[in-house]
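Below is coords.cif, which holds mmCIF, C-alpha atoms.
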```cif
data_structure
loop_
_atom_site.label_atom_id
_atom_site.label_comp_id
_atom_site.auth_asym_id
_atom_site.auth_seq_id
_atom_site.Cartn_x
_atom_site.Cartn_y
_atom_site.Cartn_z
CA MET A 1 10.88 -41.56 23.22
CA PRO A 2 7.93 -40.09 21.36
CA GLY A 3 7.21 -41.66 18.05
CA TRP A 4 7.83 -38.53 16.04
CA LYS A 5 11.43 -38.34 17.31
CA SER A 6 12.26 -41.63 15.72
CA LEU A 7 10.70 -40.43 12.48
CA PHE A 8 12.52 -37.05 12.55
CA PRO A 9 15.91 -37.63 14.18
CA VAL A 10 17.03 -34.01 14.14
CA ASP A 11 19.14 -32.56 16.91
CA LEU A 12 18.28 -28.84 16.95
CA ALA A 13 21.48 -27.93 18.83
CA GLU A 14 23.61 -29.62 16.15
CA GLU A 15 21.55 -28.12 13.34
CA GLY A 16 22.40 -24.56 14.34
CA ARG A 17 26.09 -25.29 14.70
CA LEU A 18 28.49 -23.94 12.10
CA SER A 19 31.48 -26.16 11.54
CA ARG A 20 34.99 -24.85 11.08
CA ARG A 21 34.99 -26.04 7.47
CA GLU A 22 31.70 -24.33 6.70
CA PHE A 23 33.07 -21.12 8.17
CA ALA A 24 36.25 -21.53 6.13
CA ARG A 25 34.17 -22.00 2.99
CA PHE A 26 32.22 -18.87 3.78
CA LEU A 27 35.47 -16.94 4.21
CA ALA A 28 36.85 -18.34 0.96
CA VAL A 29 33.74 -17.22 -0.90
CA VAL A 30 34.07 -13.77 0.69
CA SER A 31 37.66 -13.69 -0.51
CA ALA A 32 36.52 -14.58 -4.01
CA GLY A 33 33.98 -11.77 -3.75
CA PHE A 34 36.75 -9.27 -3.12
CA THR A 35 38.55 -10.60 -6.18
CA VAL A 36 35.43 -10.14 -8.29
CA GLY A 37 35.09 -6.60 -6.89
CA ILE A 38 38.64 -5.68 -7.85
CA GLY A 39 38.07 -7.23 -11.27
CA LEU A 40 34.95 -5.13 -11.79
CA LEU A 41 36.86 -1.99 -10.75
CA TRP A 42 39.57 -2.90 -13.23
CA GLU A 43 37.02 -3.42 -15.98
CA ARG A 44 35.15 -0.19 -15.24
CA LYS A 45 38.23 1.98 -14.85
CA ARG A 46 40.15 0.66 -17.82
CA PRO A 47 41.24 3.53 -20.09
CA LEU A 48 39.07 3.97 -23.13
CA ALA A 49 40.13 2.30 -26.35
CA GLY A 50 42.36 4.65 -28.30
CA ALA A 51 43.29 6.72 -25.27
CA PRO A 52 46.88 7.83 -25.39
CA ALA A 53 49.44 6.14 -23.19
CA ALA A 54 51.11 7.66 -20.17
CA ALA A 55 53.17 10.81 -20.45
CA ALA A 56 56.51 10.75 -22.15
CA PRO A 57 59.16 11.55 -19.57
CA GLN A 58 61.23 13.98 -21.65
CA GLY A 59 60.88 16.34 -24.58
CA PRO A 60 57.71 17.05 -26.50
CA ARG A 61 54.56 15.30 -25.39
CA PRO A 62 52.86 13.62 -28.32
CA ASP A 63 50.18 12.26 -26.02
CA ALA A 64 48.93 15.68 -24.95
CA VAL A 65 45.17 15.99 -25.27
CA LYS A 66 43.63 19.16 -26.67
CA ILE A 67 41.06 20.59 -24.29
CA CYS A 68 40.03 23.94 -25.68
CA ARG A 69 41.37 26.98 -27.46
CA VAL A 70 42.99 29.65 -25.33
CA SER A 71 40.68 32.21 -26.93
CA ASP A 72 37.57 30.21 -26.01
CA LEU A 73 37.95 30.68 -22.26
CA ALA A 74 37.99 34.22 -20.93
CA PRO A 75 39.80 34.95 -17.65
CA GLY A 76 37.68 34.08 -14.63
CA ASN A 77 35.86 31.23 -16.35
CA SER A 78 36.06 27.46 -16.21
CA PHE A 79 35.57 24.60 -18.62
CA LEU A 80 34.59 21.03 -17.81
CA PHE A 81 36.09 18.11 -19.66
CA THR A 82 36.81 14.43 -19.29
CA TYR A 83 40.32 13.08 -19.47
CA ARG A 84 41.61 9.58 -20.16
CA ASP A 85 38.26 8.09 -19.24
CA ASP A 86 34.71 9.28 -19.77
CA ARG A 87 34.12 8.99 -16.01
CA ASP A 88 37.09 11.09 -14.93
CA ARG A 89 35.70 14.58 -15.03
CA CYS A 90 38.10 17.48 -14.77
CA ILE A 91 37.87 21.23 -14.67
CA LEU A 92 40.02 23.74 -16.54
CA ILE A 93 40.25 27.21 -15.02
CA HIS A 94 41.50 30.44 -16.55
CA THR A 95 42.13 32.65 -13.54
CA GLN A 96 41.62 36.38 -13.40
CA GLN A 97 45.42 36.70 -13.33
CA GLY A 98 45.59 34.92 -16.67
CA GLU A 99 46.98 31.67 -15.33
CA TRP A 100 45.70 28.24 -16.33
CA ARG A 101 44.94 25.43 -13.93
CA ALA A 102 43.34 22.03 -14.39
CA TYR A 103 42.16 19.77 -11.61
CA ARG A 104 40.28 16.56 -11.29
CA GLN A 105 36.73 17.60 -10.47
CA THR A 106 36.41 15.05 -7.67
CA CYS A 107 36.44 16.49 -4.15
CA THR A 108 39.01 14.75 -1.96
CA HIS A 109 36.50 14.53 0.88
CA LEU A 110 33.73 12.28 -0.41
CA GLY A 111 34.01 12.55 -4.17
CA CYS A 112 31.43 15.20 -5.07
CA ALA A 113 32.08 17.36 -8.12
CA VAL A 114 33.73 20.68 -7.31
CA ARG A 115 32.81 23.82 -9.23
CA TRP A 116 34.47 27.13 -9.91
CA ASP A 117 32.85 30.16 -8.31
CA GLY A 118 35.19 32.73 -9.84
CA ARG A 119 37.67 32.83 -6.96
CA LYS A 120 37.95 29.31 -5.60
CA LEU A 121 36.81 25.78 -6.24
CA GLU A 122 33.91 24.90 -4.02
CA CYS A 123 32.30 21.59 -3.18
CA PRO A 124 28.56 22.03 -2.70
CA CYS A 125 28.04 18.79 -0.78
CA HIS A 126 29.74 19.76 2.49
CA ASN A 127 30.70 23.39 1.85
CA GLY A 128 34.34 22.61 1.20
CA ALA A 129 36.58 24.88 -0.81
CA PHE A 130 39.99 24.72 -2.51
CA GLU A 131 42.23 27.57 -3.55
CA VAL A 132 43.00 27.71 -7.24
CA GLU A 133 46.81 28.07 -7.19
CA GLN A 134 47.69 24.58 -5.96
CA GLY A 135 44.30 23.10 -5.17
CA PHE A 136 44.83 23.11 -1.40
CA PRO A 137 41.75 22.90 0.82
CA VAL A 138 40.92 26.20 2.48
CA GLN A 139 37.48 25.54 3.91
CA GLY A 140 35.29 22.70 5.11
CA PRO A 141 36.04 19.01 5.64
CA PRO A 142 38.51 18.25 2.81
CA THR A 143 42.07 17.73 4.07
CA ARG A 144 43.85 16.79 0.87
CA PRO A 145 44.45 18.96 -2.19
CA LEU A 146 42.77 18.29 -5.50
CA SER A 147 44.55 16.27 -8.16
CA ARG A 148 46.25 18.75 -10.42
CA LEU A 149 46.80 18.04 -14.09
CA ALA A 150 49.80 19.17 -16.08
CA LEU A 151 48.97 21.70 -18.80
CA GLU A 152 50.65 22.91 -21.94
CA LEU A 153 49.78 25.98 -23.95
CA ASP A 154 50.85 25.15 -27.46
CA PRO A 155 51.79 27.69 -30.14
CA ASP A 156 48.64 26.86 -32.11
CA GLY A 157 46.52 28.38 -29.38
CA TRP A 158 45.33 25.17 -27.74
CA VAL A 159 45.35 24.25 -24.09
CA ARG A 160 46.57 20.68 -23.75
CA VAL A 161 46.60 18.31 -20.81
CA THR A 162 49.43 15.83 -20.54
CA GLY A 163 50.32 12.82 -18.50
CA ASP A 164 48.18 10.63 -16.32
CA LEU A 165 45.79 11.63 -13.58
CA PRO A 166 48.02 12.35 -10.59
CA LYS A 167 47.31 11.46 -7.00
CA PRO A 168 45.76 14.25 -4.95
CA GLY A 169 48.37 16.68 -3.72
CA THR A 170 50.97 15.88 -6.35
CA LEU A 171 51.91 18.07 -9.26
CA GLN A 172 52.92 16.61 -12.57
CA GLU A 173 56.01 17.95 -14.25
CA GLY A 174 55.43 20.35 -17.06
CA ALA A 175 52.55 22.20 -15.44
CA PRO A 176 52.75 25.90 -16.27
CA SER A 177 52.79 28.09 -13.18
CA MET B 1 35.55 -43.08 6.95
CA SER B 2 33.92 -39.72 6.79
CA ALA B 3 32.35 -38.23 3.70
CA PRO B 4 34.35 -35.71 1.69
CA GLY B 5 34.02 -32.25 3.20
CA LYS B 6 33.08 -33.65 6.56
CA SER B 7 36.62 -33.76 7.90
CA GLN B 8 37.70 -31.06 10.26
CA LEU B 9 39.88 -28.33 8.83
CA THR B 10 43.22 -28.00 10.55
CA GLY B 11 43.96 -24.92 12.61
CA ALA B 12 46.79 -23.94 10.29
CA ALA B 13 44.54 -24.02 7.23
CA MET B 14 41.93 -22.00 9.06
CA ALA B 15 44.56 -19.44 10.08
CA VAL B 16 45.78 -19.14 6.50
CA ILE B 17 42.24 -18.54 5.24
CA LEU B 18 41.64 -15.90 7.91
CA LEU B 19 44.91 -14.22 6.98
CA ILE B 20 43.97 -14.27 3.31
CA VAL B 21 40.64 -12.62 4.02
CA LEU B 22 42.37 -9.91 6.07
CA VAL B 23 44.82 -9.28 3.22
CA GLN B 24 41.91 -9.17 0.78
CA VAL B 25 40.11 -6.55 2.87
CA TYR B 26 43.26 -4.43 3.04
CA LEU B 27 43.90 -4.90 -0.68
CA PHE B 28 40.36 -3.96 -1.64
CA GLU B 29 40.38 -0.89 0.59
CA THR B 30 43.71 0.21 -0.88
CA VAL B 31 42.58 -0.35 -4.45
CA LEU B 32 39.32 1.47 -3.85
CA GLY B 33 41.19 4.45 -2.39
CA ALA B 34 43.56 4.47 -5.34
CA VAL B 35 40.72 4.39 -7.84
CA LEU B 36 38.94 7.24 -6.06
CA ASP B 37 42.19 9.18 -6.33
CA GLY B 38 42.26 8.55 -10.05
CA GLN B 39 45.00 5.94 -9.97
CA ARG B 40 44.42 2.74 -11.89
CA ARG B 41 47.87 1.43 -12.64
CA ALA B 42 47.75 -0.87 -9.64
CA LEU B 43 44.48 -2.50 -10.66
CA PRO B 44 45.83 -5.35 -12.84
CA GLY B 45 48.46 -6.31 -10.28
CA ALA B 46 45.99 -6.11 -7.41
CA PHE B 47 43.52 -8.23 -9.33
CA PHE B 48 45.97 -11.03 -10.00
CA VAL B 49 47.27 -10.99 -6.43
CA SER B 50 43.70 -11.14 -5.18
CA LEU B 51 42.95 -13.96 -7.63
CA ALA B 52 45.89 -15.98 -6.36
CA LEU B 53 44.89 -15.45 -2.74
CA SER B 54 41.31 -16.44 -3.47
CA ALA B 55 42.45 -19.57 -5.27
CA VAL B 56 44.50 -20.59 -2.24
CA ALA B 57 41.59 -19.92 0.10
CA LEU B 58 39.12 -21.83 -2.06
CA VAL B 59 41.44 -24.82 -2.39
CA LEU B 60 42.04 -24.91 1.35
CA ALA B 61 38.36 -24.59 2.14
CA PHE B 62 36.88 -26.90 -0.48
CA ALA B 63 39.53 -29.31 -1.66
CA VAL B 64 41.99 -30.02 1.13
CA GLN B 65 40.92 -32.76 3.47
CA GLY B 66 41.77 -32.23 7.10
CA ARG B 67 41.57 -34.49 10.11
CA ASN B 68 38.57 -36.73 10.36
CA GLY B 69 36.29 -35.52 13.06
CA ARG B 70 33.21 -33.57 13.71
CA GLY B 71 31.71 -31.69 10.71
#
```
Translate this structure into structure tokens?
Amino acid sequence: MPGWKSLFPVDLAEEGRLSRREFARFLAVVSAGFTVGIGLLWERKRPLAGAPAAAAPQGPRPDAVKICRVSDLAPGNSFLFTYRDDRDRCILIHTQQGEWRAYRQTCTHLGCAVRWDGRKLECPCHNGAFEVEQGFPVQGPPTRPLSRLALELDPDGWVRVTGDLPKPGTLQEGAPS
Amino acid sequence: MSAPGKSQLTGAAMAVILLIVLVQVYLFETVLGAVLDGQRRALPGAFFVSLALSAVALVLAFAVQGRNGRG
């Protein structure tokens, strides 16, 4: 045996071997990483302090959030706002027919911000489009409708949004048609 | 007597840890999809479930001694 082998008794084949316990420890740390990720999501997506609670199921909605005055938005125009959270951007639309619609501004394809072109909501990233009545996709890669928010037009001339952000394709009760 | 951490993990413990990681992947993917859809009500529950699963995995991997054997 060469002299250096007695000084450095390292078996290279054993050195590169990963034991079952080491692999288990790696997996456990990966698992903890997922937990940290979910915790960060929870922290980042927590509703802002002072934000109203979820919608009341019946009767008047004291938690409704004023968005803009009816007179401030002419038919055919849109208005951007945030709701419940400063990262949840939404779009309010006053259609040419005089109807009001509000959607989450996040495209259901890959999350780009949709914009109102006067007739439909379009996503500039992949040329997707959604019709304004129900938010259904009519063009491009999106397959799910936009998240529609429930609206109230109060007697004081304000447009109010109520309830929580719905899942895409669902309509919250109380939305004016 | 082998040093702590040098005992071989049992197959059952290894299977449990693998299962936990699979559940964590599914949970994270589900939570991420929900957050992208604007839903956040499930976040606290998902976090605590994930925390419990991670605790089990960490205990199994770092604290539980298995059979004595190779690394």
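Once the PyMOL selection byres ((chain B and resi 30) around 12) is applied to this file, the selection holds Phe34 and Ile38 of chain A; Val23, Gln24, Val25, Tyr26, Leu27, Phe28, Glu29, Val31, Leu32, Gly33, Ala34, Val35, Leu36, Asp37, Gln39, Arg40, Ala42, Leu43, Ala46 and Phe47 of chain B.
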Output as a tab-separated table one row per residue of chain B within 6 Å of chain A: the closest atom pair and its distance in Å to one decimal place, counting only C-alpha atoms, sorted by chain and residue number ascending.
```
residue	atom	partner	partner_atom	distance
B:Leu9	CA	A:Arg21	CA	5.6
B:Val21	CA	A:Ser31	CA	5.5
B:Asp37	CA	A:Lys167	CA	5.6
B:Gly38	CA	A:Leu165	CA	5.9
B:Leu43	CA	A:Trp42	CA	5.6
B:Phe47	CA	A:Ile38	CA	5.7
B:Ser50	CA	A:Thr35	CA	5.3
B:Leu51	CA	A:Thr35	CA	5.7
B:Ser54	CA	A:Ala32	CA	5.2
B:Ala57	CA	A:Ala28	CA	5.1
B:Leu58	CA	A:Ala28	CA	5.1
B:Ala61	CA	A:Arg25	CA	5.0
B:Gly71	CA	A:Ser19	CA	5.6
```
Enter the distance from atom CA of A:Arg101 to atom CA of A:Gly135, in Å, rounded to one decimal.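 Atom CA of A:Arg101 sits 9.1 Å away from atom CA of A:Gly135.
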Skip A:Asn127 itself and residues of its chain fewer than 6 positions away, then list as a PyMOL selection string all residues within 10 Å of it, counting only C-alpha atoms. chain A and resi 139-142
Atom pair atom CA of A:Phe136 + atom CA of A:Lys66, distance 25.6 Å
If you measure from atom CA of A:Val70 to atom CA of A:Gly157, what distance in Å do you get, rounded to one decimal?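 It comes out at 5.5 Å.
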Since I can't run it myself right now, could you work out what the PyMOL selection byres ((chain A and resi 105) around 6) selects here and report it as a list in words? Arg89, Cys90, Ile91, Tyr103, Arg104, Thr106, Ala113 and Val114 of chain A
Which residues are close to stretch 75-78 of chain A, i.e. within 8 Å by only C-alpha atoms, leaving aside same-chain residues fewer than 2 positions away? Reply as a VMD selection string. chain A and resid 73 80 91 to 98 116 118 to 119
Edge lengths and centre in Å, axis-aligned, stretch 41-49 of chain B plus 3 Å each side, as lines of an AutoDock Vina configuration file:
```
center_x = 46.0
center_y = -4.8
center_z = -9.6
size_x = 10.9
size_y = 18.5
size_z = 12.4
```
